[in-house]
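Accompanying notes for the structure given below.
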Amino acid sequence: MGITISVVVDPSCISRTAWSQVYEETLTLLGQWPDPPLRPAYREVAGVELVAYSRAVAEPDAWHVCGDANSRLFAESIELPRELGVDQPREPPGELLLRVLESWRPPGDGEALEWLLHRKTQGKPFHLLVLAVAMLIEHRLPHAAFAMGDFSRQEARQAQTHLRTILGEEISLPLAARPKALADRLQPHFAGEALGDAVDELVCRGPLAGLLISLFDGSLGSYERQEIERAVACTDVSSLDELTRNGFEFLIGQAKAVFGEWSSDDPGDPIAYPDDLLALDAHELLQVIAMGTKKTHLRLTEMAWDDLEHACANEALDELRLLALLATHPTSELVAHQLRRAVFESPAIRRFCTRAWDTIEIAVPRNYQFQARLFDEACAST
């Protein structure tokens, strides 16, 4: 359950040529969308092959998106196939909306129908791009496609504005965002209360319905968790609330407790980076970071890796040392994982945490031996 957008299609009523044209238009959308979409892809960093979020979202057989480069927020991977339809499409065997409704009712006969884009966006910023794609497909193939899901009329208008800017033409609002038009189309098949029920089933639910579902199943998270998640795109640490800044300070305190070494026997002296870390050069540190993030399942964007490779080239050792520690500092709890990822993704937070190493007191974490072993393994790989 969660916030989703779908396009229901009957491929047997769509020609391969018509679908190919629509697909090419969706590629234009992806390429010119103001928030560049991202998808998981393999990348090599310092000799280590890992998975990063890439702006190269198109593959030979389909495109995939799961987030965007501006917010760096992600949900489930959504794809659209390049190949769909038939050489000799048939006439629609009946009203598509009726067939959609019937597919939800026993015995649930929706064999000829396909649900495209049917994965969770969770209302992340790329939700609007997915809606625009759904609207375009319905507009081009009105006899064989119906866009539906957790979106509002206002969101559809926003998507319409982007479509107009990119494609240079007016794309209709989806039928699900026009209750009167929806009722008119269903009028020949329903009357009275039954008509109202049918419209209610098909009309766009708005984000609130999906939001409530996500709150109940725990997939959305608290306000505080959402604030920490959004910190991944932070450009100014002063814009973060105090609780979020405290979270980053606690993360650094944990890293000091796990990996820090006393510079002398005097407990008042500062805690330094471990000697084996100080002995590594910039390239070796980048190898530790690559291996550590891979082992602890911390997936970064290609923009973050570009930044880190730049830091390596410029021998920004303090930042690389801190990241080498955090790369091998596994965080199974979601909030801690989001904090750790934000340090890698946001240069502003990275600088804040690098400075915090000298001022933050240690905090005792869990699984000390496991975390220290991961660091040793990552160092041994260099």
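Ordering of the structure tokens sets the chain letters (A, B, ...); residue numbers start at 1 within each chain; ligands are numbered from 1 in the order shown.
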
Which residues of region 293-378 of chain A come within 9 Å of region 275-279 of chain A, and what is each one's closest atom pair and distance in Å (one decimal), counting only C-alpha atoms, sorted by chain and residue number, as a tab-separated table?
residue	atom	partner	partner_atom	distance
A:Leu317	CA	A:Leu278	CA	8.9
A:Arg321	CA	A:Leu277	CA	6.8
A:Ala324	CA	A:Leu277	CA	8.2
A:Leu325	CA	A:Leu277	CA	8.6

Export of the given selection (N, CA and C atoms) as an mmCIF file, in the first residue's frame:
data_model
loop_
_atom_site.group_PDB
_atom_site.id
_atom_site.type_symbol
_atom_site.label_atom_id
_atom_site.label_comp_id
_atom_site.auth_asym_id
_atom_site.auth_seq_id
_atom_site.Cartn_x
_atom_site.Cartn_y
_atom_site.Cartn_z
ATOM 1 N N LEU A 317 41.585 15.461 2.624
ATOM 2 C CA LEU A 317 41.769 14.291 3.484
ATOM 3 C C LEU A 317 40.827 14.278 4.677
ATOM 4 N N ARG A 321 38.475 11.149 5.318
ATOM 5 C CA ARG A 321 38.664 10.314 6.506
ATOM 6 C C ARG A 321 37.341 10.121 7.253
ATOM 7 N N ALA A 324 35.203 7.790 5.271
ATOM 8 C CA ALA A 324 35.693 6.417 5.352
ATOM 9 C C ALA A 324 35.186 5.737 6.623
ATOM 10 N N LEU A 325 35.138 6.499 7.721
ATOM 11 C CA LEU A 325 34.585 5.943 8.961
ATOM 12 C C LEU A 325 33.089 5.684 8.822
#

Can you list every residue in region 82-193 of chain A that DSSP puts in alpha helix (DSSP H), as a short mmCIF file (atom, residue, chain, number, x, y, z; two decimals) with N, CA and C atoms, in the first residue's frame?
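Written file, out-v2.cif:
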data_model
loop_
_atom_site.label_atom_id
_atom_site.label_comp_id
_atom_site.auth_asym_id
_atom_site.auth_seq_id
_atom_site.Cartn_x
_atom_site.Cartn_y
_atom_site.Cartn_z
N LEU A 96 -13.74 0.83 -21.78
CA LEU A 96 -12.56 0.54 -20.96
C LEU A 96 -12.83 0.75 -19.48
N LEU A 97 -13.57 1.81 -19.15
CA LEU A 97 -13.84 2.10 -17.74
C LEU A 97 -14.64 0.98 -17.08
N LEU A 98 -15.59 0.42 -17.82
CA LEU A 98 -16.37 -0.70 -17.30
C LEU A 98 -15.47 -1.91 -17.05
N ARG A 99 -14.54 -2.13 -17.95
CA ARG A 99 -13.64 -3.28 -17.82
C ARG A 99 -12.71 -3.10 -16.63
N VAL A 100 -12.31 -1.85 -16.38
CA VAL A 100 -11.48 -1.59 -15.19
C VAL A 100 -12.28 -1.89 -13.93
N LEU A 101 -13.52 -1.40 -13.88
CA LEU A 101 -14.37 -1.66 -12.71
C LEU A 101 -14.60 -3.16 -12.51
N GLU A 102 -14.87 -3.86 -13.61
CA GLU A 102 -15.14 -5.29 -13.52
C GLU A 102 -13.91 -6.07 -13.06
N SER A 103 -12.73 -5.56 -13.38
CA SER A 103 -11.51 -6.27 -12.99
C SER A 103 -11.31 -6.27 -11.48
N HIS A 127 6.94 11.99 -8.31
CA HIS A 127 5.52 11.65 -8.45
C HIS A 127 4.88 12.46 -9.58
N LEU A 128 5.25 13.73 -9.70
CA LEU A 128 4.66 14.60 -10.72
C LEU A 128 5.09 14.17 -12.12
N LEU A 129 6.32 13.72 -12.28
CA LEU A 129 6.78 13.21 -13.57
C LEU A 129 5.99 11.97 -13.96
N VAL A 130 5.79 11.05 -13.03
CA VAL A 130 5.04 9.83 -13.32
C VAL A 130 3.61 10.19 -13.72
N LEU A 131 3.02 11.18 -13.04
CA LEU A 131 1.68 11.63 -13.40
C LEU A 131 1.66 12.19 -14.82
N ALA A 132 2.67 12.98 -15.17
CA ALA A 132 2.73 13.56 -16.53
C ALA A 132 2.81 12.47 -17.59
N VAL A 133 3.59 11.44 -17.33
CA VAL A 133 3.69 10.31 -18.26
C VAL A 133 2.32 9.63 -18.40
N ALA A 134 1.65 9.39 -17.27
CA ALA A 134 0.33 8.76 -17.31
C ALA A 134 -0.67 9.60 -18.11
N MET A 135 -0.63 10.91 -17.91
CA MET A 135 -1.53 11.80 -18.64
C MET A 135 -1.25 11.77 -20.13
N LEU A 136 0.02 11.75 -20.50
CA LEU A 136 0.38 11.73 -21.92
C LEU A 136 -0.12 10.45 -22.58
N ILE A 137 0.06 9.31 -21.92
CA ILE A 137 -0.39 8.04 -22.49
C ILE A 137 -1.90 8.04 -22.68
N GLU A 138 -2.64 8.51 -21.68
CA GLU A 138 -4.10 8.55 -21.81
C GLU A 138 -4.52 9.50 -22.93
N HIS A 139 -3.86 10.64 -23.04
CA HIS A 139 -4.22 11.63 -24.06
C HIS A 139 -3.99 11.08 -25.47
N ARG A 140 -2.88 10.38 -25.66
CA ARG A 140 -2.57 9.86 -27.00
C ARG A 140 -3.40 8.62 -27.34
N ARG A 153 -6.40 17.07 -8.64
CA ARG A 153 -6.60 17.90 -9.84
C ARG A 153 -5.52 18.98 -9.92
N GLN A 154 -5.13 19.52 -8.76
CA GLN A 154 -4.07 20.54 -8.75
C GLN A 154 -2.75 19.95 -9.26
N GLU A 155 -2.42 18.74 -8.83
CA GLU A 155 -1.19 18.10 -9.31
C GLU A 155 -1.28 17.85 -10.81
N ALA A 156 -2.46 17.45 -11.27
CA ALA A 156 -2.63 17.22 -12.71
C ALA A 156 -2.42 18.51 -13.50
N ARG A 157 -2.86 19.63 -12.95
CA ARG A 157 -2.65 20.92 -13.62
C ARG A 157 -1.16 21.28 -13.64
N GLN A 158 -0.46 20.98 -12.54
CA GLN A 158 0.99 21.23 -12.53
C GLN A 158 1.69 20.38 -13.59
N ALA A 159 1.31 19.12 -13.66
CA ALA A 159 1.90 18.24 -14.68
C ALA A 159 1.55 18.73 -16.07
N GLN A 160 0.33 19.22 -16.25
CA GLN A 160 -0.11 19.75 -17.54
C GLN A 160 0.75 20.94 -17.96
N THR A 161 1.10 21.80 -17.02
CA THR A 161 1.95 22.95 -17.32
C THR A 161 3.33 22.49 -17.80
N HIS A 162 3.91 21.51 -17.13
CA HIS A 162 5.21 20.98 -17.57
C HIS A 162 5.10 20.35 -18.95
N LEU A 163 4.03 19.62 -19.20
CA LEU A 163 3.83 18.99 -20.50
C LEU A 163 3.74 20.03 -21.61
N ARG A 164 3.02 21.10 -21.32
CA ARG A 164 2.88 22.17 -22.31
C ARG A 164 4.24 22.80 -22.62
N THR A 165 5.03 23.03 -21.59
CA THR A 165 6.35 23.65 -21.77
C THR A 165 7.27 22.74 -22.58
N ILE A 166 7.23 21.45 -22.30
CA ILE A 166 8.17 20.52 -22.94
C ILE A 166 7.71 20.11 -24.33
N LEU A 167 6.44 19.80 -24.49
CA LEU A 167 5.94 19.28 -25.76
C LEU A 167 5.36 20.35 -26.67
N PRO A 179 -14.46 14.76 -12.81
CA PRO A 179 -15.61 13.93 -12.41
C PRO A 179 -16.82 14.06 -13.34
N LYS A 180 -17.08 15.26 -13.83
CA LYS A 180 -18.25 15.46 -14.71
C LYS A 180 -18.06 14.67 -16.01
N ALA A 181 -16.87 14.78 -16.62
CA ALA A 181 -16.60 14.04 -17.85
C ALA A 181 -16.62 12.53 -17.60
N LEU A 182 -16.13 12.13 -16.43
CA LEU A 182 -16.14 10.72 -16.06
C LEU A 182 -17.58 10.21 -15.97
N ALA A 183 -18.43 11.01 -15.32
CA ALA A 183 -19.84 10.63 -15.19
C ALA A 183 -20.53 10.56 -16.55
N ASP A 184 -20.22 11.53 -17.42
CA ASP A 184 -20.83 11.53 -18.76
C ASP A 184 -20.46 10.26 -19.53
N ARG A 185 -19.22 9.83 -19.39
CA ARG A 185 -18.77 8.64 -20.12
C ARG A 185 -19.41 7.37 -19.55
N LEU A 186 -19.68 7.38 -18.26
CA LEU A 186 -20.28 6.20 -17.62
C LEU A 186 -21.81 6.21 -17.68
N GLY A 192 -28.35 6.82 -11.41
CA GLY A 192 -28.60 7.09 -10.00
C GLY A 192 -27.39 6.84 -9.11
N GLU A 193 -27.67 6.14 -8.00
CA GLU A 193 -26.62 5.90 -7.00
C GLU A 193 -25.48 5.06 -7.57
#

**OP:** Show which residues sit within 9 Å of Pro37 (chain A), as a list in words. Count only C-alpha atoms, and ignore same-chain residues fewer than 2 positions away.
**Re:** Leu30, Gly31, Trp33, Pro34, Asp35, Arg39, Ser54, Arg55, Ala56, Val57, His64, Val65, Cys66, Gly67, Asp68, Ala69, Asn70, Phe126 and Leu129 of chain A

Subject >> For Arg230 (chain A), the nearest of the candidates A:Cys353, A:Leu116, A:Ala342, A:Ala336, counting only C-alpha atoms >> reply: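 Looking at the shortest contact to Arg230 (chain A), the residue is A:Ala342.
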
Report as a Markdown table: every residue of region 5-32 of chain A with an atom at most 12 Å from region 199-204 of chain A, its closest pair of atoms, and their distance in Å to one decimal, counting only C-alpha atoms, with rows sorted by chain and ascending residue number.
| residue | atom | partner | partner_atom | distance |
| --- | --- | --- | --- | --- |
| A:Ile5 | CA | A:Cys204 | CA | 9.4 |
| A:Ser6 | CA | A:Cys204 | CA | 10.6 |
| A:Val7 | CA | A:Leu202 | CA | 12.0 |
| A:Val8 | CA | A:Leu202 | CA | 11.5 |

**OP:** Considering only C-alpha atoms, state which residue in the set A:Ala46, A:Ala41, A:Leu251, A:Leu117 is at the smallest distance from Leu308 (chain A).
**Re:** A:Ala46

Original post:
Any idea what the distance is between CA of His283 (chain A) and CA of Gln338 (chain A)?
Top reply: 25.7 Å

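Taking CA of Ala257 (chain A) as the reference point, CA of Ala356 (chain A) is found at 13.7 Å.
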
Original post:
Near Ala316 (chain A), within 12 Å and counting only C-alpha atoms, which residues show up once chain neighbours fewer than 3 positions away are dropped, as a ChimeraX atom specification?
Top reply: /A:281-283,285-286,307-313,319-323,350-351,354

The selected residues should be written to file as a JSON list (two decimals), in the first residue's frame (atoms: N, CA and C atoms).
[["chain", "number", "residue", "atom", "x", "y", "z"],
["A", 281, "ASP", "N", 46.29, 7.26, 1.87],
["A", 281, "ASP", "CA", 46.25, 8.45, 1.01],
["A", 281, "ASP", "C", 44.83, 8.63, 0.47],
["A", 282, "ALA", "N", 44.63, 9.68, -0.34],
["A", 282, "ALA", "CA", 43.29, 10.03, -0.79],
["A", 282, "ALA", "C", 42.65, 8.90, -1.60],
["A", 283, "HIS", "N", 43.41, 8.29, -2.50],
["A", 283, "HIS", "CA", 42.85, 7.21, -3.33],
["A", 283, "HIS", "C", 42.48, 6.01, -2.48],
["A", 285, "LEU", "N", 41.64, 6.07, 0.66],
["A", 285, "LEU", "CA", 40.44, 6.44, 1.42],
["A", 285, "LEU", "C", 39.19, 6.29, 0.56],
["A", 286, "LEU", "N", 39.28, 6.69, -0.71],
["A", 286, "LEU", "CA", 38.13, 6.55, -1.60],
["A", 286, "LEU", "C", 37.78, 5.08, -1.80],
["A", 307, "ASP", "N", 31.31, 14.16, -6.56],
["A", 307, "ASP", "CA", 31.88, 15.04, -5.52],
["A", 307, "ASP", "C", 33.04, 14.35, -4.80],
["A", 308, "LEU", "N", 32.86, 13.07, -4.47],
["A", 308, "LEU", "CA", 33.89, 12.36, -3.72],
["A", 308, "LEU", "C", 35.13, 12.12, -4.57],
["A", 309, "GLU", "N", 34.94, 11.84, -5.84],
["A", 309, "GLU", "CA", 36.10, 11.70, -6.73],
["A", 309, "GLU", "C", 36.83, 13.03, -6.89],
["A", 310, "HIS", "N", 36.08, 14.12, -6.88],
["A", 310, "HIS", "CA", 36.69, 15.44, -6.93],
["A", 310, "HIS", "C", 37.47, 15.72, -5.64],
["A", 311, "ALA", "N", 36.89, 15.33, -4.49],
["A", 311, "ALA", "CA", 37.58, 15.50, -3.20],
["A", 311, "ALA", "C", 38.86, 14.68, -3.17],
["A", 312, "CYS", "N", 38.81, 13.49, -3.77],
["A", 312, "CYS", "CA", 40.01, 12.65, -3.85],
["A", 312, "CYS", "C", 41.08, 13.32, -4.69],
["A", 313, "ALA", "N", 40.68, 13.86, -5.85],
["A", 313, "ALA", "CA", 41.65, 14.53, -6.72],
["A", 313, "ALA", "C", 42.28, 15.73, -6.04],
["A", 319, "GLU", "N", 37.73, 15.39, 5.04],
["A", 319, "GLU", "CA", 36.40, 14.92, 4.65],
["A", 319, "GLU", "C", 36.44, 13.45, 4.28],
["A", 320, "LEU", "N", 37.46, 13.03, 3.54],
["A", 320, "LEU", "CA", 37.55, 11.64, 3.11],
["A", 320, "LEU", "C", 37.74, 10.71, 4.31],
["A", 321, "ARG", "N", 38.47, 11.15, 5.32],
["A", 321, "ARG", "CA", 38.66, 10.31, 6.51],
["A", 321, "ARG", "C", 37.34, 10.12, 7.25],
["A", 322, "LEU", "N", 36.61, 11.20, 7.41],
["A", 322, "LEU", "CA", 35.32, 11.08, 8.09],
["A", 322, "LEU", "C", 34.39, 10.16, 7.32],
["A", 323, "LEU", "N", 34.34, 10.32, 6.00],
["A", 323, "LEU", "CA", 33.45, 9.49, 5.19],
["A", 323, "LEU", "C", 33.90, 8.03, 5.19],
["A", 350, "ARG", "N", 28.32, 17.61, 5.08],
["A", 350, "ARG", "CA", 29.64, 16.98, 5.21],
["A", 350, "ARG", "C", 30.63, 17.92, 5.89],
["A", 351, "ARG", "N", 30.63, 19.17, 5.50],
["A", 351, "ARG", "CA", 31.53, 20.15, 6.14],
["A", 351, "ARG", "C", 31.15, 20.35, 7.61],
["A", 354, "THR", "N", 32.38, 17.32, 9.52],
["A", 354, "THR", "CA", 33.85, 17.30, 9.61],
["A", 354, "THR", "C", 34.32, 18.22, 10.73]]

**OP:** Using CA of Asp236 (chain A) and CA of Leu339 (chain A) as the two end points, give the distance in Å to one decimal.
**Re:**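 Between these atoms lies a distance of 15.3 Å.
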
As a PDB file with C-alpha atoms, in the first residue's frame, please: the residues near Phe250 (chain A) (cut-off 12 Å, only C-alpha atoms, same-chain neighbours under 4 positions excluded).
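Generated output (part_13.pdb):
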ATOM      1  CA  LEU A 243      16.495  18.120  16.149  1.00  0.00           C
ATOM      2  CA  THR A 244      17.934  17.254  12.741  1.00  0.00           C
ATOM      3  CA  ARG A 245      21.238  19.008  13.473  1.00  0.00           C
ATOM      4  CA  ASN A 246      21.389  17.120  16.779  1.00  0.00           C
ATOM      5  CA  GLN A 254      28.858   7.429  17.586  1.00  0.00           C
ATOM      6  CA  ALA A 255      31.603   7.322  14.966  1.00  0.00           C
ATOM      7  CA  LYS A 256      34.082   8.758  17.494  1.00  0.00           C
ATOM      8  CA  ALA A 257      33.093   6.101  20.027  1.00  0.00           C
ATOM      9  CA  VAL A 335      16.600   7.415  10.634  1.00  0.00           C
ATOM     10  CA  ALA A 336      20.280   6.721  11.330  1.00  0.00           C
ATOM     11  CA  LEU A 339      21.459  10.715   8.519  1.00  0.00           C
ATOM     12  CA  ARG A 340      24.482   8.827   7.270  1.00  0.00           C
ATOM     13  CA  CYS A 353      30.138  17.005  10.386  1.00  0.00           C
ATOM     14  CA  ALA A 356      31.857  18.558  14.505  1.00  0.00           C
ATOM     15  CA  TRP A 357      34.451  15.790  14.938  1.00  0.00           C
ATOM     16  CA  THR A 359      33.776  19.425  19.237  1.00  0.00           C
ATOM     17  CA  ILE A 360      31.177  16.669  19.713  1.00  0.00           C
ATOM     18  CA  GLU A 361      31.422  14.321  22.670  1.00  0.00           C
ATOM     19  CA  ILE A 362      31.433  10.569  22.077  1.00  0.00           C
ATOM     20  CA  ALA A 363      28.154   8.623  22.076  1.00  0.00           C
ATOM     21  CA  VAL A 364      28.090   4.898  22.773  1.00  0.00           C
ATOM     22  CA  PRO A 365      26.618   2.982  19.792  1.00  0.00           C
TER      23      PRO A 365
END

Subject >> Nearest-residue call for Glu95 (chain A), choices A:Ala145, A:Leu334, A:Val258, A:Ala231, using only C-alpha atoms >> reply: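 For Glu95 (chain A), the nearest of the given residues is A:Ala145.
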
Original post:
Which one is closest to Met148 (chain A): A:Ile271, A:Leu298, A:Ile3, A:Val237? Count only C-alpha atoms.
Top reply: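 Closest to Met148 (chain A), using only C-alpha atoms: A:Ile3.
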